[in-house]
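Raw input_11.cif, mmCIF, C-alpha atoms:
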```
data_protein
#
loop_
_atom_site.group_PDB
_atom_site.id
_atom_site.type_symbol
_atom_site.label_atom_id
_atom_site.label_comp_id
_atom_site.auth_asym_id
_atom_site.auth_seq_id
_atom_site.Cartn_x
_atom_site.Cartn_y
_atom_site.Cartn_z
ATOM 1 C CA MET A 111 82.697 80.491 77.342
ATOM 2 C CA SER A 112 82.700 77.404 79.513
ATOM 3 C CA TYR A 113 84.616 77.509 82.810
ATOM 4 C CA HIS A 114 86.065 74.276 84.179
ATOM 5 C CA LEU A 115 85.544 75.011 87.859
ATOM 6 C CA PRO A 116 84.984 72.784 90.872
ATOM 7 C CA PRO A 117 81.979 73.686 93.043
ATOM 8 C CA LEU A 118 82.607 76.928 94.943
ATOM 9 C CA PRO A 119 81.813 75.418 98.412
ATOM 10 C CA TRP A 120 84.509 72.797 97.876
ATOM 11 C CA LEU A 121 87.070 75.491 97.052
ATOM 12 C CA ARG A 122 86.036 77.546 100.082
ATOM 13 C CA SER A 123 86.492 74.536 102.353
ATOM 14 C CA PHE A 124 89.908 73.814 100.853
ATOM 15 C CA GLU A 125 91.101 77.417 101.268
ATOM 16 C CA ALA A 126 89.797 77.733 104.820
ATOM 17 C CA ALA A 127 91.269 74.379 105.875
ATOM 18 C CA ALA A 128 94.646 75.315 104.386
ATOM 19 C CA ARG A 129 94.621 78.662 106.184
ATOM 20 C CA ARG A 130 93.373 77.332 109.512
ATOM 21 C CA GLY A 131 95.361 74.112 109.503
ATOM 22 C CA SER A 132 92.452 71.830 110.385
ATOM 23 C CA PHE A 133 88.979 70.844 109.232
ATOM 24 C CA ALA A 134 87.544 71.710 112.652
ATOM 25 C CA ALA A 135 88.826 75.311 112.597
ATOM 26 C CA ALA A 136 87.675 75.747 108.993
ATOM 27 C CA ALA A 137 84.238 74.415 109.944
ATOM 28 C CA VAL A 138 83.869 77.053 112.694
ATOM 29 C CA GLU A 139 84.749 79.823 110.227
ATOM 30 C CA LEU A 140 82.403 78.570 107.523
ATOM 31 C CA GLY A 141 79.509 77.648 109.805
ATOM 32 C CA LEU A 142 79.647 73.979 108.841
ATOM 33 C CA THR A 143 80.420 70.744 110.624
ATOM 34 C CA SER A 144 83.930 69.335 110.567
ATOM 35 C CA ALA A 145 82.594 66.291 108.727
ATOM 36 C CA ALA A 146 81.060 68.498 106.012
ATOM 37 C CA VAL A 147 84.341 70.352 105.424
ATOM 38 C CA SER A 148 86.263 67.075 105.323
ATOM 39 C CA TYR A 149 83.754 65.622 102.840
ATOM 40 C CA GLN A 150 83.970 68.672 100.543
ATOM 41 C CA VAL A 151 87.762 68.636 100.514
ATOM 42 C CA ARG A 152 87.768 64.901 99.827
ATOM 43 C CA ALA A 153 85.308 65.432 96.970
ATOM 44 C CA LEU A 154 87.575 68.151 95.533
ATOM 45 C CA GLU A 155 90.582 65.833 95.732
ATOM 46 C CA GLN A 156 88.658 63.066 93.957
ATOM 47 C CA LEU A 157 87.572 65.494 91.242
ATOM 48 C CA LEU A 158 91.151 66.699 90.704
ATOM 49 C CA GLY A 159 92.626 63.226 91.021
ATOM 50 C CA ARG A 160 95.333 64.381 93.433
ATOM 51 C CA PRO A 161 95.576 64.703 97.237
ATOM 52 C CA LEU A 162 95.745 68.266 98.488
ATOM 53 C CA PHE A 163 96.442 67.545 102.165
ATOM 54 C CA GLU A 164 98.375 65.119 104.262
ATOM 55 C CA ARG A 165 96.109 64.120 107.178
ATOM 56 C CA LEU A 166 98.241 64.282 110.317
ATOM 57 C CA PRO A 167 97.341 63.233 113.872
ATOM 58 C CA ARG A 168 97.156 66.916 114.873
ATOM 59 C CA GLY A 169 96.107 68.852 111.833
ATOM 60 C CA LEU A 170 96.746 69.118 108.133
ATOM 61 C CA ARG A 171 99.740 69.696 105.899
ATOM 62 C CA LEU A 172 99.487 70.758 102.273
ATOM 63 C CA THR A 173 100.919 68.430 99.675
ATOM 64 C CA ASP A 174 103.051 69.863 96.876
ATOM 65 C CA MET A 175 99.944 69.913 94.674
ATOM 66 C CA GLY A 176 98.004 71.670 97.430
ATOM 67 C CA LYS A 177 100.738 74.291 97.783
ATOM 68 C CA ALA A 178 100.718 74.871 94.044
ATOM 69 C CA TYR A 179 96.907 75.137 93.836
ATOM 70 C CA LEU A 180 96.278 77.334 96.889
ATOM 71 C CA PRO A 181 97.718 80.680 95.621
ATOM 72 C CA SER A 182 95.484 80.735 92.544
ATOM 73 C CA ILE A 183 92.401 79.916 94.649
ATOM 74 C CA ARG A 184 93.271 82.620 97.159
ATOM 75 C CA LYS A 185 93.944 85.140 94.382
ATOM 76 C CA ALA A 186 90.607 84.380 92.710
ATOM 77 C CA PHE A 187 88.690 84.742 95.992
ATOM 78 C CA GLY A 188 90.578 87.936 96.807
ATOM 79 C CA GLU A 189 89.893 89.537 93.434
ATOM 80 C CA LEU A 190 86.215 88.578 93.589
ATOM 81 C CA SER A 191 85.922 89.981 97.106
ATOM 82 C CA VAL A 192 87.710 93.236 96.248
ATOM 83 C CA SER A 193 85.655 93.687 93.080
ATOM 84 C CA THR A 194 82.396 93.138 94.962
ATOM 85 C CA LEU A 195 83.492 95.527 97.693
ATOM 86 C CA GLY A 196 84.621 98.182 95.228
ATOM 87 C CA ILE A 197 81.434 98.119 93.164
ATOM 88 C CA PHE A 198 78.742 97.496 95.755
ATOM 89 C CA GLY A 199 80.441 98.760 98.904
ATOM 90 C CA PRO A 200 80.811 97.068 102.281
ATOM 91 C CA GLU A 201 78.041 96.127 104.653
ATOM 92 C CA GLY A 202 78.259 98.817 107.322
ATOM 93 C CA ASP A 203 81.239 100.974 108.212
ATOM 94 C CA ILE A 204 84.776 99.663 107.708
ATOM 95 C CA THR A 205 87.743 100.788 109.806
ATOM 96 C CA LEU A 206 91.256 100.406 108.435
ATOM 97 C CA ASP A 207 94.384 100.911 110.525
ATOM 98 C CA VAL A 208 97.138 102.267 108.283
ATOM 99 C CA ARG A 209 100.723 102.496 109.513
ATOM 100 C CA VAL A 210 103.023 104.730 107.487
ATOM 101 C CA SER A 211 106.250 106.699 107.811
ATOM 102 C CA VAL A 212 105.800 110.264 109.035
ATOM 103 C CA SER A 213 107.003 111.961 105.852
ATOM 104 C CA PHE A 214 105.045 109.720 103.483
ATOM 105 C CA GLY A 215 101.922 110.128 105.593
ATOM 106 C CA VAL A 216 102.097 113.922 105.899
ATOM 107 C CA LEU A 217 103.557 114.917 102.533
ATOM 108 C CA TRP A 218 101.844 112.431 100.210
ATOM 109 C CA LEU A 219 99.117 110.277 101.738
ATOM 110 C CA ALA A 220 97.230 112.774 103.904
ATOM 111 C CA PRO A 221 96.465 115.225 101.053
ATOM 112 C CA ARG A 222 95.002 112.352 98.995
ATOM 113 C CA LEU A 223 92.977 110.495 101.611
ATOM 114 C CA ARG A 224 89.975 112.742 101.014
ATOM 115 C CA ALA A 225 89.732 111.416 97.460
ATOM 116 C CA PHE A 226 89.700 107.810 98.679
ATOM 117 C CA LEU A 227 87.074 108.539 101.336
ATOM 118 C CA ALA A 228 84.903 110.367 98.817
ATOM 119 C CA GLU A 229 85.004 107.290 96.595
ATOM 120 C CA HIS A 230 84.451 104.908 99.527
ATOM 121 C CA PRO A 231 82.360 106.781 102.125
ATOM 122 C CA ALA A 232 81.814 103.702 104.323
ATOM 123 C CA PHE A 233 85.524 103.515 105.123
ATOM 124 C CA ARG A 234 87.083 105.004 108.230
ATOM 125 C CA ILE A 235 90.858 105.413 108.155
ATOM 126 C CA ARG A 236 92.989 105.474 111.285
ATOM 127 C CA LEU A 237 96.447 106.736 110.324
ATOM 128 C CA PHE A 238 99.417 105.885 112.553
ATOM 129 C CA SER A 239 102.863 107.367 111.974
ATOM 130 C CA ALA A 240 106.203 105.673 112.552
ATOM 131 C CA ILE A 241 109.699 107.075 112.168
ATOM 132 C CA TRP A 242 111.772 103.919 111.973
ATOM 133 C CA GLY A 243 111.041 101.336 109.295
ATOM 134 C CA ASP A 244 112.135 98.389 111.440
ATOM 135 C CA ALA A 245 109.660 99.109 114.243
ATOM 136 C CA LEU A 246 107.070 96.359 114.575
ATOM 137 C CA PRO A 247 103.450 97.364 113.889
ATOM 138 C CA ALA A 248 100.550 96.525 116.163
ATOM 139 C CA ASP A 249 98.828 93.226 115.450
ATOM 140 C CA GLY A 250 95.712 95.035 114.220
ATOM 141 C CA THR A 251 97.500 96.971 111.470
ATOM 142 C CA ASP A 252 95.718 96.447 108.141
ATOM 143 C CA VAL A 253 98.085 98.348 105.843
ATOM 144 C CA ASP A 254 101.772 98.795 106.611
ATOM 145 C CA ILE A 255 103.879 101.083 104.392
ATOM 146 C CA ARG A 256 107.599 101.113 105.128
ATOM 147 C CA PHE A 257 110.735 102.655 103.664
ATOM 148 C CA GLY A 258 113.749 100.392 103.356
ATOM 149 C CA HIS A 259 115.509 97.749 101.306
ATOM 150 C CA GLY A 260 112.529 95.387 101.103
ATOM 151 C CA ALA A 261 113.548 92.736 103.619
ATOM 152 C CA TRP A 262 111.727 92.517 106.958
ATOM 153 C CA PRO A 263 111.681 89.188 108.835
ATOM 154 C CA GLY A 264 108.176 87.741 109.033
ATOM 155 C CA TYR A 265 106.785 89.958 106.254
ATOM 156 C CA ALA A 266 106.303 89.824 102.505
ATOM 157 C CA ALA A 267 107.154 93.153 100.838
ATOM 158 C CA ARG A 268 105.575 94.464 97.629
ATOM 159 C CA LEU A 269 107.288 97.426 95.934
ATOM 160 C CA LEU A 270 105.121 100.506 96.081
ATOM 161 C CA ILE A 271 107.315 103.251 94.640
ATOM 162 C CA ASN A 272 110.975 104.106 94.150
ATOM 163 C CA ASP A 273 111.806 107.790 93.828
ATOM 164 C CA PRO A 274 115.052 109.570 92.933
ATOM 165 C CA VAL A 275 116.794 111.848 95.408
ATOM 166 C CA VAL A 276 117.003 115.587 94.683
ATOM 167 C CA LEU A 277 118.932 118.461 96.205
ATOM 168 C CA VAL A 278 116.816 121.206 97.775
ATOM 169 C CA THR A 279 117.994 124.539 99.137
ATOM 170 C CA PRO A 280 116.537 127.732 100.598
ATOM 171 C CA LEU A 281 114.983 130.070 98.028
ATOM 172 C CA GLU A 282 117.753 132.646 98.288
ATOM 173 C CA SER A 283 120.540 130.061 97.956
ATOM 174 C CA LYS A 284 122.889 130.165 94.956
ATOM 175 C CA ILE A 285 123.805 126.468 95.232
ATOM 176 C CA SER A 286 123.773 124.871 91.784
ATOM 177 C CA GLY A 287 125.425 121.569 92.666
ATOM 178 C CA PRO A 288 127.718 119.761 95.106
ATOM 179 C CA HIS A 289 130.691 122.028 94.290
ATOM 180 C CA ASP A 290 128.819 125.027 95.742
ATOM 181 C CA ILE A 291 127.965 123.459 99.093
ATOM 182 C CA ALA A 292 130.017 124.707 102.008
ATOM 183 C CA ALA A 293 130.738 122.956 105.275
ATOM 184 C CA GLY A 294 127.953 123.484 107.755
ATOM 185 C CA GLU A 295 125.230 123.744 105.080
ATOM 186 C CA LEU A 296 124.458 120.022 105.139
ATOM 187 C CA ILE A 297 121.234 118.756 106.706
ATOM 188 C CA HIS A 298 121.515 115.022 107.376
ATOM 189 C CA ILE A 299 118.573 112.640 107.703
ATOM 190 C CA LEU A 300 119.123 109.590 109.877
ATOM 191 C CA GLY A 301 118.844 106.365 107.914
ATOM 192 C CA VAL A 302 119.902 107.874 104.585
ATOM 193 C CA GLU A 303 123.110 109.645 105.607
ATOM 194 C CA GLY A 304 124.949 107.938 102.747
ATOM 195 C CA ASP A 305 123.141 110.082 100.152
ATOM 196 C CA TRP A 306 125.530 112.992 100.789
ATOM 197 C CA GLN A 307 128.539 110.703 100.353
ATOM 198 C CA HIS A 308 127.140 109.428 97.054
ATOM 199 C CA LEU A 309 126.539 112.969 95.810
ATOM 200 C CA PHE A 310 130.089 114.151 96.512
ATOM 201 C CA THR A 311 131.627 110.925 95.215
ATOM 202 C CA ALA A 312 129.717 111.322 91.932
ATOM 203 C CA ALA A 313 131.000 114.910 91.699
ATOM 204 C CA ASP A 314 134.568 113.778 92.465
ATOM 205 C CA ARG A 315 134.733 116.114 95.424
ATOM 206 C CA PRO A 316 135.733 115.349 99.034
ATOM 207 C CA PRO A 317 132.665 115.708 101.276
ATOM 208 C CA PRO A 318 132.782 118.726 103.612
ATOM 209 C CA PHE A 319 132.028 116.640 106.709
ATOM 210 C CA ASP A 320 134.395 118.487 109.044
ATOM 211 C CA GLN A 321 131.319 120.403 110.139
ATOM 212 C CA VAL A 322 128.401 118.029 110.187
ATOM 213 C CA GLY A 323 125.707 120.670 110.288
ATOM 214 C CA LEU A 324 122.227 119.560 111.320
ATOM 215 C CA THR A 325 120.904 116.018 111.743
ATOM 216 C CA VAL A 326 117.203 115.138 111.924
ATOM 217 C CA ASP A 327 115.208 111.904 111.981
ATOM 218 C CA THR A 328 112.556 112.701 109.330
ATOM 219 C CA THR A 329 112.460 114.193 105.844
ATOM 220 C CA LEU A 330 109.609 116.387 107.069
ATOM 221 C CA ALA A 331 111.910 118.100 109.586
ATOM 222 C CA ALA A 332 114.669 118.452 106.994
ATOM 223 C CA LEU A 333 112.334 120.181 104.542
ATOM 224 C CA GLU A 334 111.127 122.632 107.178
ATOM 225 C CA LEU A 335 114.732 123.460 108.063
ATOM 226 C CA VAL A 336 115.508 124.083 104.384
ATOM 227 C CA ALA A 337 112.467 126.358 104.121
ATOM 228 C CA ALA A 338 113.715 128.249 107.180
ATOM 229 C CA GLY A 339 117.068 128.847 105.501
ATOM 230 C CA ALA A 340 119.081 126.469 107.699
ATOM 231 C CA GLY A 341 120.853 124.624 104.886
ATOM 232 C CA ALA A 342 120.510 122.161 102.006
ATOM 233 C CA ALA A 343 119.110 118.637 102.080
ATOM 234 C CA LEU A 344 118.874 115.556 99.897
ATOM 235 C CA VAL A 345 115.305 114.245 99.874
ATOM 236 C CA LEU A 346 113.042 112.083 97.747
ATOM 237 C CA GLU A 347 111.680 114.060 94.827
ATOM 238 C CA ARG A 348 108.073 113.176 95.713
ATOM 239 C CA PHE A 349 108.489 114.747 99.147
ATOM 240 C CA ALA A 350 110.152 117.890 97.809
ATOM 241 C CA ARG A 351 107.505 118.541 95.180
ATOM 242 C CA PRO A 352 104.784 120.102 97.421
ATOM 243 C CA LEU A 353 107.126 122.626 99.044
ATOM 244 C CA VAL A 354 108.713 123.496 95.703
ATOM 245 C CA ALA A 355 105.252 124.082 94.211
ATOM 246 C CA GLN A 356 104.340 126.304 97.185
ATOM 247 C CA GLY A 357 107.441 128.432 96.579
ATOM 248 C CA ARG A 358 108.921 127.610 99.998
ATOM 249 C CA ILE A 359 112.096 125.875 98.827
ATOM 250 C CA ARG A 360 114.140 125.557 95.654
ATOM 251 C CA GLN A 361 115.099 122.347 93.872
ATOM 252 C CA VAL A 362 118.471 122.324 92.116
ATOM 253 C CA PRO A 363 117.644 121.484 88.473
ATOM 254 C CA ASN A 364 119.006 118.494 86.566
ATOM 255 C CA LEU A 365 120.389 116.768 89.647
ATOM 256 C CA TYR A 366 118.977 113.337 90.464
ATOM 257 C CA LEU A 367 120.462 110.515 92.502
ATOM 258 C CA PRO A 368 119.131 106.948 92.542
ATOM 259 C CA GLN A 369 117.811 105.841 95.925
ATOM 260 C CA GLU A 370 118.568 102.256 96.919
ATOM 261 C CA GLN A 371 115.683 102.197 99.388
ATOM 262 C CA SER A 372 112.020 102.282 98.396
ATOM 263 C CA HIS A 373 108.543 102.371 99.887
ATOM 264 C CA PHE A 374 106.960 98.929 100.257
ATOM 265 C CA LEU A 375 103.567 97.521 101.150
ATOM 266 C CA LEU A 376 103.988 94.839 103.796
ATOM 267 C CA THR A 377 101.841 91.847 104.643
ATOM 268 C CA ARG A 378 102.583 89.230 107.281
ATOM 269 C CA ASP A 379 103.986 85.924 106.097
ATOM 270 C CA GLY A 380 101.729 82.959 106.694
ATOM 271 C CA MET A 381 98.428 81.542 105.601
ATOM 272 C CA GLU A 382 96.201 84.420 106.636
ATOM 273 C CA ALA A 383 95.041 86.407 103.592
ATOM 274 C CA PRO A 384 94.790 90.228 103.798
ATOM 275 C CA ARG A 385 91.354 91.712 104.358
ATOM 276 C CA ALA A 386 89.579 92.590 101.129
ATOM 277 C CA GLU A 387 89.158 96.150 102.437
ATOM 278 C CA ALA A 388 92.929 96.447 102.930
ATOM 279 C CA THR A 389 93.562 95.072 99.442
ATOM 280 C CA LEU A 390 91.145 97.631 97.988
ATOM 281 C CA PHE A 391 93.001 100.438 99.769
ATOM 282 C CA CYS A 392 96.392 99.122 98.606
ATOM 283 C CA ASP A 393 95.145 98.898 95.017
ATOM 284 C CA TRP A 394 93.999 102.527 95.256
ATOM 285 C CA LEU A 395 97.444 103.520 96.557
ATOM 286 C CA GLN A 396 99.231 101.879 93.659
ATOM 287 C CA GLN A 397 96.837 103.192 91.031
ATOM 288 C CA THR A 398 97.150 106.739 92.383
ATOM 289 C CA LEU A 399 100.936 106.578 92.410
ATOM 290 C CA LEU A 400 101.040 105.162 88.879
ATOM 291 C CA ALA A 401 98.658 107.845 87.602
ATOM 292 C CA GLU A 402 100.807 110.583 89.127
ATOM 293 C CA ARG A 403 103.952 109.043 87.682
ATOM 294 C CA ASP A 404 102.416 108.943 84.206
ATOM 295 C CA LEU A 405 101.244 112.537 84.564
ATOM 296 C CA GLN A 406 104.696 113.633 85.702
ATOM 297 C CA THR A 407 106.350 111.792 82.809
ATOM 298 C CA SER A 408 104.012 113.247 80.196
ATOM 299 C CA GLY A 409 104.433 116.732 81.678
ATOM 300 C CA ALA A 410 108.224 116.462 81.537
ATOM 301 C CA ALA A 411 108.044 115.258 77.924
ATOM 302 C CA ALA A 412 105.795 118.174 76.996
ATOM 303 C CA ARG A 413 108.205 120.660 78.589
ATOM 304 C CA ARG A 414 111.157 119.182 76.688
ATOM 305 C CA HIS A 415 109.199 119.323 73.439
ATOM 306 C CA LYS A 416 108.241 122.951 74.043
ATOM 307 C CA LYS A 417 111.845 123.854 74.882
ATOM 308 C CA HIS A 418 113.234 122.261 71.722
ATOM 309 C CA GLY A 419 110.402 123.641 69.638
ATOM 310 C CA ASN A 420 111.230 127.170 70.710
#
```
Any chance you could give the structure as structure tokens?
Amino acid sequence: MSYHLPPLPWLRSFEAAARRGSFAAAAVELGLTSAAVSYQVRALEQLLGRPLFERLPRGLRLTDMGKAYLPSIRKAFGELSVSTLGIFGPEGDITLDVRVSVSFGVLWLAPRLRAFLAEHPAFRIRLFSAIWGDALPADGTDVDIRFGHGAWPGYAARLLINDPVVLVTPLESKISGPHDIAAGELIHILGVEGDWQHLFTAADRPPPFDQVGLTVDTTLAALELVAAGAGAALVLERFARPLVAQGRIRQVPNLYLPQEQSHFLLTRDGMEAPRAEATLFCDWLQQTLLAERDLQTSGAAARRHKKHGN
């Protein structure tokens, strides 16, 4: 198969100049002279027959053709870099700063990090927890996982996972649905307080909010309170699963609510491309979540088949 590709150095100069905003800054990054970068970009433009930049007195501005061409170049470089890193490993140790919500970090990510590190022993992960999804991360954050509606100013959000909400109760509880929940048994989680309202509205029952019960700021705290017998909570199914499997709490069967908010992978808006190491980690996150979803789906199908077969 014949590939119709411009010379790789020309494409590297174009991408670097677009990201840095000038031939001089691109030249410093690439270890070339400004004249060499300018020549390579000009040669690329002549080959393509279209201008890619507007030359301004103080920098560069992409033309419409340049804007259209840049994403595919960046994607190709990114995929090549990630593939090389994944197969051959990095040169020396790599440190990634990962910012994540407390509950996602403790209940899902932490138990699985060992598998990633076993596959990529040169990586060092520094895990930072955050409670509120609108808090700004440090500038050095490589991977930022947030829970919300998907809109954060200055960031591009990529959907990571959307989970349903389930009702969990203490083991000894007889609660089978919203009609069995008494005032004072509600455990509220700040940021998703509306889940209780949705549950009672769907059941056509007035919410027993005359006694608010307990309010916490993390799902992790809510689950521990449920396990201690303090009341019932509405939590994401993925977060409930470990404690249910351990026999510490009980999940009310056949009760699922859609959750409007989701977990997202965030990257800063702008010309700077994510580090290949961060992209590799994000790809592992998504692949792991998809594999678990497929396993969960196939397991549920097998249980239904067994039930009907008997």
If we count only C-alpha atoms, what is near A:Leu296 at a cut-off of 9 Å, once residues fewer than 2 positions away on the same chain are taken out, given as a list in words? Ile291, Ala292, Ala293, Gly294, His298, Trp306, Pro318, Phe319, Gln321, Val322, Gly323, Leu324, Thr325, Ala340, Gly341, Ala342, Ala343 and Leu344 of chain A
Residues just named, written with C-alpha atoms as an mmCIF file, keeping the file's coordinate frame:
```cif
data_model
loop_
_atom_site.group_PDB
_atom_site.id
_atom_site.type_symbol
_atom_site.label_atom_id
_atom_site.label_comp_id
_atom_site.auth_asym_id
_atom_site.auth_seq_id
_atom_site.Cartn_x
_atom_site.Cartn_y
_atom_site.Cartn_z
ATOM 1 C CA ILE A 291 127.965 123.459 99.093
ATOM 2 C CA ALA A 292 130.017 124.707 102.008
ATOM 3 C CA ALA A 293 130.738 122.956 105.275
ATOM 4 C CA GLY A 294 127.953 123.484 107.755
ATOM 5 C CA HIS A 298 121.515 115.022 107.376
ATOM 6 C CA TRP A 306 125.530 112.992 100.789
ATOM 7 C CA PRO A 318 132.782 118.726 103.612
ATOM 8 C CA PHE A 319 132.028 116.640 106.709
ATOM 9 C CA GLN A 321 131.319 120.403 110.139
ATOM 10 C CA VAL A 322 128.401 118.029 110.187
ATOM 11 C CA GLY A 323 125.707 120.670 110.288
ATOM 12 C CA LEU A 324 122.227 119.560 111.320
ATOM 13 C CA THR A 325 120.904 116.018 111.743
ATOM 14 C CA ALA A 340 119.081 126.469 107.699
ATOM 15 C CA GLY A 341 120.853 124.624 104.886
ATOM 16 C CA ALA A 342 120.510 122.161 102.006
ATOM 17 C CA ALA A 343 119.110 118.637 102.080
ATOM 18 C CA LEU A 344 118.874 115.556 99.897
#
```
Evaluate the PyMOL selection byres ((chain A and resi 186) around 12) and report residues as a ChimeraX atom specification: /A:115,118,121-122,125,179-185,187-193,383,386
Excluding stretch 299-302 of chain A and its own-chain neighbours fewer than 6 positions away, which residues fall within 8 Å of it when counting only C-alpha atoms? Please give them as a ChimeraX atom specification. /A:325-329,332
On this file, the PyMOL selection byres ((chain A and resi 353) around 12) gives some set of residues; write that set as a list in words.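 For this structure, the PyMOL selection byres ((chain A and resi 353) around 12) captures Leu217, Trp218, Val278, Thr279, Pro280, Leu281, Leu330, Ala332, Leu333, Glu334, Leu335, Val336, Ala337, Ala338, Val345, Glu347, Arg348, Phe349, Ala350, Arg351, Pro352, Val354, Ala355, Gln356, Gly357, Arg358, Ile359, Arg360 and Gln361 of chain A.
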Could you tell me which residues the PyMOL selection byres ((chain A and resi 233) around 10) grabs in this file, written as a PDB file with C-alpha atoms, in the frame of the given file?
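Printed below is result.pdb as written:
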```pdb
ATOM      1  CA  GLY A 199      80.441  98.760  98.904  1.00  0.00           C
ATOM      2  CA  PRO A 200      80.811  97.068 102.281  1.00  0.00           C
ATOM      3  CA  GLY A 202      78.259  98.817 107.322  1.00  0.00           C
ATOM      4  CA  ASP A 203      81.239 100.974 108.212  1.00  0.00           C
ATOM      5  CA  ILE A 204      84.776  99.663 107.708  1.00  0.00           C
ATOM      6  CA  THR A 205      87.743 100.788 109.806  1.00  0.00           C
ATOM      7  CA  LEU A 206      91.256 100.406 108.435  1.00  0.00           C
ATOM      8  CA  PHE A 226      89.700 107.810  98.679  1.00  0.00           C
ATOM      9  CA  LEU A 227      87.074 108.539 101.336  1.00  0.00           C
ATOM     10  CA  ALA A 228      84.903 110.367  98.817  1.00  0.00           C
ATOM     11  CA  GLU A 229      85.004 107.290  96.595  1.00  0.00           C
ATOM     12  CA  HIS A 230      84.451 104.908  99.527  1.00  0.00           C
ATOM     13  CA  PRO A 231      82.360 106.781 102.125  1.00  0.00           C
ATOM     14  CA  ALA A 232      81.814 103.702 104.323  1.00  0.00           C
ATOM     15  CA  ARG A 234      87.083 105.004 108.230  1.00  0.00           C
ATOM     16  CA  ILE A 235      90.858 105.413 108.155  1.00  0.00           C
ATOM     17  CA  ARG A 236      92.989 105.474 111.285  1.00  0.00           C
ATOM     18  CA  GLU A 387      89.158  96.150 102.437  1.00  0.00           C
ATOM     19  CA  PHE A 391      93.001 100.438  99.769  1.00  0.00           C
TER      20      PHE A 391
END
```
Which distance in Å separates atom CA of A:Arg209 and atom CA of A:Pro368, to one decimal?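 Atom CA of A:Arg209 sits 25.4 Å away from atom CA of A:Pro368.
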From the list A:Arg256, A:Arg171, A:Arg152, A:His114, which residue is nearest A:Ser132 when using all atoms listed in the file? A:Arg171
Using all atoms listed in the file, which of A:Ser123, A:Pro221, A:Pro161, A:Val212 sits nearest A:Thr143?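 The shortest atom-to-atom distance to A:Thr143 comes from A:Ser123.
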Which of these residues is nearest to A:Trp262, using all atoms listed in the file: A:Leu376, A:Val276, A:Leu158, A:Leu166? A:Leu376
Taking 3 positions as the minimum chain separation for residues in the same chain, which residues sit within 7 Å of A:Val208 when counting all atoms listed in the file? Answer as a short mmCIF file (atom, residue, chain, number, x, y, z; two decimals) with C-alpha atoms, in the frame of the given file.
```cif
data_model
loop_
_atom_site.label_atom_id
_atom_site.label_comp_id
_atom_site.auth_asym_id
_atom_site.auth_seq_id
_atom_site.Cartn_x
_atom_site.Cartn_y
_atom_site.Cartn_z
CA ARG A 236 92.99 105.47 111.28
CA LEU A 237 96.45 106.74 110.32
CA PHE A 238 99.42 105.88 112.55
CA THR A 251 97.50 96.97 111.47
CA ASP A 252 95.72 96.45 108.14
CA VAL A 253 98.08 98.35 105.84
CA ASP A 254 101.77 98.80 106.61
#
```
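One finds atom CA of A:Asn272 at 14.4 Å from atom CA of A:Ala401.
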If you measure from atom CA of A:Ala331 to atom CA of A:Gln397, what distance in Å do you get, rounded to one decimal? 28.2 Å
